[in-house]
There are 2 protein chains.
Amino acid sequence: MSDTNQKLAALRGAMSAVNADACLIPSSDPHLSEYLPAHWRARSHFSGFTGSAGTLVVGREKSALWTDGRYFIQAERQLRGSEIELMRMAQKGVPTVSAWLADLLQDGQTLALDGMVTAESTVRELRRAFGGKQVKILDADLAGPCWEGRPAVPATQCYVHEVCYAGLSAAEKLAAVRGELKKQNATALLVTRLDSAAWLTNLRAADIDYNPFALCFVFVTQSAAWLFIDASRLPGEALAMLRENGIEVRGYGEIRSWLAGYTGSETVLADAGSISHALWSELEKNPAFTIREGAEPIQALKGVKNPTEIENLKNSHRKDGVAMVRFQMQLEARMAAGERVTECDIAAMLRNVRFVQPACVGESFDTIAAYGPNAAMMHYSAQPATCAVLAPRGFLLVDSGAQYLDGTTDITRTYALGELTEEEKRWYTLVLKSHIDIARAVFMEGCTGGNLDILARSAVWQHGIDYRCGTGHGVGFLGGVHEGPQSLRTTNNVVFKPGMTVTDEPGIYEEGKVGIRIENELLCVKKMETEYGVFLGFEPFTYCPIDTTPVLVEMLTADELEWLNSYHALVLETLKPLLKPDEVEWLAAKCAPLG
Amino acid sequence: MSDTNQKLAALRGAMSAVNADACLIPSSDPHLSEYLPAHWRARSHFSGFTGSAGTLVVGREKSALWTDGRYFIQAERQLRGSEIELMRMAQKGVPTVSAWLADLLQDGQTLALDGMVTAESTVRELRRAFGGKQVKILDADLAGPCWEGRPAVPATQCYVHEVCYAGLSAAEKLAAVRGELKKQNATALLVTRLDSAAWLTNLRAADIDYNPFALCFVFVTQSAAWLFIDASRLPGEALAMLRENGIEVRGYGEIRSWLAGYTGSETVLADAGSISHALWSELEKNPAFTIREGAEPIQALKGVKNPTEIENLKNSHRKDGVAMVRFQMQLEARMAAGERVTECDIAAMLRNVRFVQPACVGESFDTIAAYGPNAAMMHYSAQPATCAVLAPRGFLLVDSGAQYLDGTTDITRTYALGELTEEEKRWYTLVLKSHIDIARAVFMEGCTGGNLDILARSAVWQHGIDYRCGTGHGVGFLGGVHEGPQSLRTTNNVVFKPGMTVTDEPGIYEEGKVGIRIENELLCVKKMETEYGVFLGFEPFTYCPIDTTPVLVEMLTADELEWLNSYHALVLETLKPLLKPDEVEWLAAKCAPLG
């Protein structure tokens, strides 16, 4: 029996004990995070699939795992030998989790799930899918007890994200939130998302790899605010800051009982997609609360960066650009010297040049360094035992980023290591066109990511190619590398506003052949106002040359070429004062205009 | 007192008589049509504004008219001197009709509206806007009784649209509708829209200018179908066809009482947006009916043209192309000879060349022929007394179309009559780019008009220009020139399917200066299927040269230029066999490749 099948057998034992016929294990924690502390990586533990997104469902006789296009290849490989069927999300004929469960479970049967890590909206969707069928949903953490060696709940030391970086004090942010609550006729807010809590409290920690967050909840009313966190994690200056800003501290584990015992009278603005089923139930049960369903307002508030944040962001990206230049120079030198360089070396090289930059506190995600066909796996993770050795031909894709006190970075470059096929050059140029077509877009106020996304895909669609992921996402500020609410996805309906930032990262992934992606971060800015209204656009604030050696110049339009050349002029001008003379000389060559 | 103010005074008299505090007059008939028989043009009669879209609201002391961007200039002019305030829809700070009424009307007051010509959805929206306020909605046609000389309800002779054109018999179409009803767990459908009824019954008439429809309703159950129309309008072959296809006939005026007296048991699929408040109320009151709210399925069925329709459509467009060529040759000859040609002459010239084409039964809308600054009025209608005389400079915009038994056409060309300014050439080239960017789009299955629209606007947005209308619309088949459900609009969420047709007609309208529009009809086709899925695109089936003299070739991308040249090759090849030698020679010059 495979290791995975053994774990599932144990889980089925726990299911039998409570008479459950199926068990749902999402990729989630009590904050419904995308990136999870190890303590909550139950899906990964029980399935063996380590990608960041996936849902495992275990029935009495069969089991299945759902994941999205980024992970099809990786999941295939990691599930091999286990009983688990891979469900490729959004592919033709593949049922959703809830449809599959609705098909599996019959009248009178029971589905177990951990209500603390399952969104209220997920439970609702399941109930909808079950329709008239009497399927019991049992709130029980079955995975925990049969998970040997389960990691502890993290509790790293907190620190204050100073106002010189954040731009606004926690008290100012609380005032803004209270204003939004009033607009929506609500008096209170339960903050469960870690990115929202971090922004609101100006507190950071290191509870989750790459995500500088502290596990906590916040409950805000018009006159008070409570932070639920283990007090032992708060140094004196954090306690003082919280006091000054009108925030009381309660224990992290107290949230359920505290909500149950609340005696005021509050209309709580609550979003079923960002509150767990368990906490939602507490709000519903306590007559002190009236639930007003609506979007959590912090996402929208922090989605627009304030002027201080924007200034800081540009500074962090200048430092990141310097690091990227030094990395590329070292890579070229080592390759030229015929040294053996592996994919795994890349991450270390990047850490070396980034961590010496002022105010750098770590990476913002696990570096993806993928050579040749490996890069076709969108979220490939090189392993020392199996990683590829770079050769002077084909492409190396490097997707990486860092956390600085003055901002979070996320950048992808695809480097030609030597000779390329005509097809590789054509693919690279198409990706570049897609990238530029978003970067130089001018659009009327009111446009959403859903409206803009096609501007990137259009160039690759012309050639029958698509990429199975969004075109770009929002990025936190000393926060998560994926933060909303804006994004460049066909389904996103958040209106772009000046001050929002987003990544621009179209790609081409040809299985078994190549992976190409070019990613900058863009700042939404006002471009002009005419008789027709206000027009917005983007300004790149990632400062790093884009490899021009693979570019088939004749495939670019004059406008695209002009964008590329002026981008490189900006990169050179921005980084020049921060580099040594030999580095400037190197950069000037990389930034030389094309065409 | 202005003529308009006098009419409003009479209307206020009628309002007082029933104690109404406001009266809503939409642009609508019992079928919620866009184009109205004169009998129902109450809004136009009482406001003096003759555009096709608008809503008049008359309060005790003030009145206002809402219209959209196509008509701002015309409405300003036509409302001048009256008390009516112009409300420019979708402009900043302009309230919606319902918000304005909610502000005007107080607790206990009454709003009168004619329930037979007001959509159920409009009444719901009003009720939502009134919120907790007790505002009574009175179903009463106040306009009718105080409308002197109101035209009669039209009742033109019907004819059968033969299956050789329509592709499917009424019985086959009924079967398709019944299949859709089953899918939605409904047993019956009330068809109120004239385009849907015409498609379903294969009957046509001439009740409405340019729209070959017969005023009628259809009620379809799983086993029967009733057509509500005055039987005197049906010639023997129409009666026979209806009988053969299982459709019974009832009087047009009987619909309300028939619904009230129905004794079966039906679950009626009903769309609050396409059924009048009055008929909806009948469905609600009669316990024989259970209403299942959902989209009327005929719109989606007829939105995808069948293979016979597509073949016919191409044929009608070949004939229309021949007519357009002859029109343009005549125009050029008359201009060259120094003849006096006015905007009004254009419509007559087009009728002359179109009406001699086989199976032509009329125009599909009132030709827009607008010279110079007049063309900035999007739906300008030249009047003999005031129309402009063409001069050998600037642009002439001609938007026109015809009804053929084998299809409906809609085409716009903008002709350079002589010298142009650099700005005019730039604007023209931008419009052409926008047009081509839609026409040559390749997109994945699943894309909607809302996704694609930005491909057209992107080129003009780059220059701070927008057009205050959609990019394109569906077209009927011997039907309305505007038919859905697909369209190229930011708000359209209908997925494009092969067989759908749509106009591609971006424009630039600079008030007081110029109006430029280029319009072809496009057929959605499958372009390719790759490992990523199915890719769709468009094929133009309007065959008429696009004026290339104003084109600034350097502003086109290589791909755009290639599209233009291959389009012209298609036009030449398609029309050549249908033209005389001198016409072929002329056309070959117009279709000569650029660049």
# chains A, B, ... in the order shown; residues from 1 in each chain; ligands from 1

call {"tool": "interface_residues", "arguments": {"of": "chain B", "to": "chain A", "cutoff": "9 Å", "atoms": "only C-alpha atoms", "output": "NGL selection string"}}
result
:B and (440-444 or 447 or 450-455 or 457-459 or 461-468 or 490 or 527-535 or 555-559)

call {"tool": "write_last_selection", "arguments": {"atoms": "N, CA, C and O atoms", "output": "short mmCIF file (atom, residue, chain, number, x, y, z; two decimals), in the first residue's frame"}}
result
data_model
loop_
_atom_site.label_atom_id
_atom_site.label_comp_id
_atom_site.auth_asym_id
_atom_site.auth_seq_id
_atom_site.Cartn_x
_atom_site.Cartn_y
_atom_site.Cartn_z
N ARG B 440 -10.54 40.72 -36.63
CA ARG B 440 -9.49 39.70 -36.71
C ARG B 440 -9.22 39.02 -35.36
O ARG B 440 -8.29 38.23 -35.23
N ALA B 441 -10.06 39.32 -34.37
CA ALA B 441 -9.87 38.71 -33.05
C ALA B 441 -9.98 37.20 -33.14
O ALA B 441 -10.79 36.67 -33.89
N VAL B 442 -9.15 36.52 -32.38
CA VAL B 442 -9.29 35.08 -32.17
C VAL B 442 -9.47 34.93 -30.67
O VAL B 442 -8.74 35.55 -29.89
N PHE B 443 -10.49 34.17 -30.28
CA PHE B 443 -10.78 34.12 -28.85
C PHE B 443 -11.26 32.73 -28.44
O PHE B 443 -11.83 32.00 -29.25
N MET B 444 -11.05 32.41 -27.20
CA MET B 444 -11.42 31.08 -26.72
C MET B 444 -12.92 30.99 -26.54
O MET B 444 -13.58 31.95 -26.16
N CYS B 447 -15.93 33.21 -24.44
CA CYS B 447 -15.86 34.67 -24.40
C CYS B 447 -17.22 35.28 -24.71
O CYS B 447 -17.97 34.78 -25.53
N GLY B 450 -18.99 41.19 -23.72
CA GLY B 450 -18.39 42.00 -22.66
C GLY B 450 -16.88 41.82 -22.60
O GLY B 450 -16.13 42.76 -22.32
N ASN B 451 -16.40 40.61 -22.89
CA ASN B 451 -14.96 40.38 -22.92
C ASN B 451 -14.32 41.02 -24.15
O ASN B 451 -13.22 41.56 -24.08
N LEU B 452 -15.01 40.95 -25.29
CA LEU B 452 -14.38 41.36 -26.56
C LEU B 452 -14.40 42.86 -26.80
O LEU B 452 -13.54 43.39 -27.50
N ASP B 453 -15.39 43.54 -26.24
CA ASP B 453 -15.61 44.95 -26.55
C ASP B 453 -14.35 45.80 -26.47
O ASP B 453 -14.09 46.65 -27.32
N ILE B 454 -13.52 45.54 -25.46
CA ILE B 454 -12.33 46.37 -25.24
C ILE B 454 -11.34 46.26 -26.40
O ILE B 454 -10.54 47.16 -26.62
N LEU B 455 -11.39 45.17 -27.15
CA LEU B 455 -10.47 45.04 -28.29
C LEU B 455 -10.71 46.16 -29.29
O LEU B 455 -9.79 46.63 -29.94
N ARG B 457 -12.26 49.21 -28.43
CA ARG B 457 -12.06 50.52 -27.80
C ARG B 457 -10.60 50.84 -27.53
O ARG B 457 -10.21 52.00 -27.43
N SER B 458 -9.81 49.78 -27.38
CA SER B 458 -8.43 49.98 -26.97
C SER B 458 -7.70 50.98 -27.87
O SER B 458 -7.00 51.87 -27.39
N ALA B 459 -7.89 50.86 -29.17
CA ALA B 459 -7.17 51.74 -30.11
C ALA B 459 -7.57 53.20 -29.93
O ALA B 459 -6.72 54.09 -29.98
N TRP B 461 -9.10 54.52 -27.17
CA TRP B 461 -8.81 54.93 -25.80
C TRP B 461 -7.37 55.43 -25.66
O TRP B 461 -7.07 56.30 -24.87
N GLN B 462 -6.45 54.81 -26.43
CA GLN B 462 -5.06 55.25 -26.39
C GLN B 462 -4.95 56.76 -26.64
O GLN B 462 -4.01 57.40 -26.20
N HIS B 463 -5.94 57.30 -27.35
CA HIS B 463 -5.90 58.72 -27.71
C HIS B 463 -6.93 59.54 -26.93
O HIS B 463 -7.28 60.64 -27.33
N GLY B 464 -7.42 58.97 -25.83
CA GLY B 464 -8.36 59.71 -24.98
C GLY B 464 -9.73 59.87 -25.61
O GLY B 464 -10.49 60.78 -25.27
N ILE B 465 -10.05 58.99 -26.55
CA ILE B 465 -11.34 59.07 -27.24
C ILE B 465 -12.17 57.84 -26.89
O ILE B 465 -11.65 56.76 -26.72
N ASP B 466 -13.49 58.03 -26.77
CA ASP B 466 -14.39 56.90 -26.56
C ASP B 466 -15.61 57.14 -27.44
O ASP B 466 -15.81 58.23 -27.98
N TYR B 467 -16.41 56.12 -27.65
CA TYR B 467 -17.69 56.33 -28.31
C TYR B 467 -18.79 55.90 -27.38
O TYR B 467 -18.68 54.89 -26.70
N ARG B 468 -19.83 56.71 -27.34
CA ARG B 468 -20.87 56.52 -26.33
C ARG B 468 -21.96 55.59 -26.85
O ARG B 468 -23.13 55.94 -26.90
N THR B 490 -19.82 46.29 -23.31
CA THR B 490 -19.11 45.93 -22.06
C THR B 490 -20.00 45.14 -21.12
O THR B 490 -19.50 44.34 -20.32
N LYS B 527 -12.31 28.82 -35.45
CA LYS B 527 -11.04 29.09 -36.13
C LYS B 527 -10.10 27.90 -36.04
O LYS B 527 -9.44 27.56 -36.99
N MET B 528 -10.01 27.32 -34.85
CA MET B 528 -9.11 26.16 -34.68
C MET B 528 -9.37 25.50 -33.35
O MET B 528 -10.03 26.06 -32.48
N GLU B 529 -8.87 24.29 -33.23
CA GLU B 529 -8.93 23.59 -31.96
C GLU B 529 -7.53 23.09 -31.67
O GLU B 529 -6.92 22.42 -32.51
N THR B 530 -7.00 23.46 -30.51
CA THR B 530 -5.64 23.05 -30.15
C THR B 530 -5.70 22.36 -28.79
O THR B 530 -6.78 22.20 -28.22
N GLU B 531 -4.55 22.00 -28.25
CA GLU B 531 -4.52 21.37 -26.92
C GLU B 531 -5.13 22.29 -25.86
O GLU B 531 -5.51 21.83 -24.79
N TYR B 532 -5.23 23.59 -26.17
CA TYR B 532 -5.76 24.53 -25.18
C TYR B 532 -7.27 24.66 -25.26
O TYR B 532 -7.89 25.22 -24.37
N GLY B 533 -7.86 24.17 -26.34
CA GLY B 533 -9.31 24.26 -26.47
C GLY B 533 -9.71 24.78 -27.83
O GLY B 533 -8.91 24.80 -28.78
N VAL B 534 -10.98 25.19 -27.92
CA VAL B 534 -11.53 25.66 -29.19
C VAL B 534 -11.39 27.18 -29.27
O VAL B 534 -11.72 27.90 -28.32
N PHE B 535 -10.90 27.65 -30.39
CA PHE B 535 -10.75 29.09 -30.61
C PHE B 535 -11.74 29.54 -31.69
O PHE B 535 -11.85 28.91 -32.74
N MET B 555 0.01 54.03 -39.33
CA MET B 555 -0.65 53.80 -38.03
C MET B 555 -1.21 52.38 -37.89
O MET B 555 -1.61 51.98 -36.80
N LEU B 556 -1.27 51.65 -38.98
CA LEU B 556 -1.77 50.28 -38.91
C LEU B 556 -0.64 49.33 -38.57
O LEU B 556 0.50 49.52 -39.01
N THR B 557 -0.94 48.29 -37.81
CA THR B 557 0.06 47.25 -37.60
C THR B 557 0.08 46.37 -38.86
O THR B 557 -0.84 46.41 -39.68
N ALA B 558 1.13 45.57 -38.96
CA ALA B 558 1.24 44.68 -40.13
C ALA B 558 0.03 43.76 -40.20
O ALA B 558 -0.51 43.50 -41.29
N ASP B 559 -0.43 43.27 -39.05
CA ASP B 559 -1.58 42.37 -39.02
C ASP B 559 -2.85 43.08 -39.47
O ASP B 559 -3.70 42.51 -40.15
#

call {"tool": "closest_atom_pairs", "arguments": {"of": "region 479-501 of chain A", "to": "region 361-377 of chain A", "cutoff": "9 Å", "atoms": "only C-alpha atoms", "output": "tab-separated table"}}
result
residue	atom	partner	partner_atom	distance
A:Gly479	CA	A:Ser364	CA	8.3
A:Gly480	CA	A:Ser364	CA	7.4
A:Val481	CA	A:Ser364	CA	6.1

call {"tool": "residues_around", "arguments": {"residues": "Phe477 (chain A)", "least_positions_apart": "2", "cutoff": "10 Å", "atoms": "only C-alpha atoms", "output": "list in words"}}
result
Tyr165, Ala166, Asp195, Ala198, Trp199, Pro212, Lys302, Gly303, Lys305, Glu309, Ile310, Asn312, Leu313, Gln403, Tyr404, Leu405, Asp406, Gly407, Thr408, Thr409, Gly474, Val475, Gly479, Gly480, Val481 and Glu483 of chain A

call {"tool": "residues_around", "arguments": {"residues": "Tyr71 (chain A)", "least_positions_apart": "3", "cutoff": "8 Å", "atoms": "only C-alpha atoms", "output": "PyMOL selection string"}}
result
chain A and resi 51+67-68+74-75+377-379

call {"tool": "closest_residue", "arguments": {"among": "A:Ala288, A:Ile275, A:Cys544, A:Cys469", "to": "Tyr262 (chain A)", "atoms": "only C-alpha atoms"}}
result
A:Ala288

call {"tool": "atom_distance", "arguments": {"atom1": "CA of Gln78 (chain A)", "atom2": "CA of Asp139 (chain A)"}}
result
28.9 Å

call {"tool": "select_by_dssp", "arguments": {"residues": "region 159-256 of chain B", "states": "alpha helix (DSSP H)", "output": "VMD selection string"}}
result
chain B and resid 163 to 166 170 to 183 194 to 201 236 to 244 255 to 256

call {"tool": "closest_residue", "arguments": {"among": "A:Asn211, A:Lys285, A:Ser16, A:Asn5", "to": "Gly81 (chain A)", "atoms": "only C-alpha atoms"}}
result
A:Asn5

call {"tool": "select_by_dssp", "arguments": {"residues": "region 198-368 of chain A", "states": "strand (DSSP E)", "output": "JSON, numbers by chain"}}
result
{"A": [203, 204, 217, 218, 219, 220, 225, 226, 227, 228, 248, 249, 250, 266, 267, 268, 269, 270, 289, 290, 291, 292, 293, 360, 361, 362, 363, 368]}

call {"tool": "atom_distance", "arguments": {"atom1": "CA of Met500 (chain B)", "atom2": "CA of Ala439 (chain B)"}}
result
13.7 Å

call {"tool": "residues_around", "arguments": {"residues": "region 87-89 of chain A", "least_positions_apart": "3", "cutoff": "12 Å", "atoms": "only C-alpha atoms", "output": "ChimeraX atom specification"}}
result
/A:53-57,63-76,79,84,92-97,100,468-469

call {"tool": "residues_around", "arguments": {"residues": "region 237-245 of chain B", "least_positions_apart": "4", "cutoff": "10 Å", "atoms": "only C-alpha atoms", "output": "MDAnalysis selection string"}}
result
chainID B and resid 158:162 169:174 201:204 225:227 231 233 249

call {"tool": "residues_around", "arguments": {"residues": "Gln157 (chain B)", "least_positions_apart": "3", "cutoff": "9 Å", "atoms": "only C-alpha atoms", "output": "PyMOL selection string"}}
result
chain B and resi 204-207+214+232-235

call {"tool": "write_last_selection", "arguments": {"atoms": "N, CA, C and O atoms", "output": "short mmCIF file (atom, residue, chain, number, x, y, z; two decimals), in the first residue's frame"}}
result
data_model
loop_
_atom_site.label_atom_id
_atom_site.label_comp_id
_atom_site.auth_asym_id
_atom_site.auth_seq_id
_atom_site.Cartn_x
_atom_site.Cartn_y
_atom_site.Cartn_z
N ARG B 204 -44.39 37.04 -41.32
CA ARG B 204 -43.89 38.40 -41.36
C ARG B 204 -45.02 39.33 -41.80
O ARG B 204 -46.01 38.88 -42.39
N ALA B 205 -44.87 40.64 -41.53
CA ALA B 205 -45.82 41.64 -42.00
C ALA B 205 -45.06 42.97 -42.05
O ALA B 205 -43.81 42.96 -42.12
N ALA B 206 -45.76 44.07 -41.99
CA ALA B 206 -45.09 45.38 -42.08
C ALA B 206 -45.73 46.36 -41.11
O ALA B 206 -45.98 47.50 -41.44
N ASP B 207 -45.96 45.87 -39.87
CA ASP B 207 -46.64 46.70 -38.89
C ASP B 207 -45.81 47.87 -38.39
O ASP B 207 -46.34 48.87 -37.94
N ALA B 214 -45.37 41.32 -37.42
CA ALA B 214 -46.81 41.43 -37.21
C ALA B 214 -47.05 41.50 -35.71
O ALA B 214 -46.46 40.72 -34.96
N SER B 232 -58.11 38.33 -39.78
CA SER B 232 -58.33 38.97 -41.08
C SER B 232 -57.03 39.32 -41.77
O SER B 232 -56.98 39.55 -42.98
N ARG B 233 -55.94 39.35 -41.03
CA ARG B 233 -54.64 39.71 -41.60
C ARG B 233 -53.96 38.52 -42.24
O ARG B 233 -52.91 38.67 -42.85
N LEU B 234 -54.49 37.33 -42.02
CA LEU B 234 -53.79 36.13 -42.47
C LEU B 234 -54.36 35.63 -43.80
O LEU B 234 -55.52 35.21 -43.86
N PRO B 235 -53.58 35.65 -44.86
CA PRO B 235 -54.04 35.09 -46.12
C PRO B 235 -54.14 33.56 -45.99
O PRO B 235 -53.63 32.97 -45.02
#
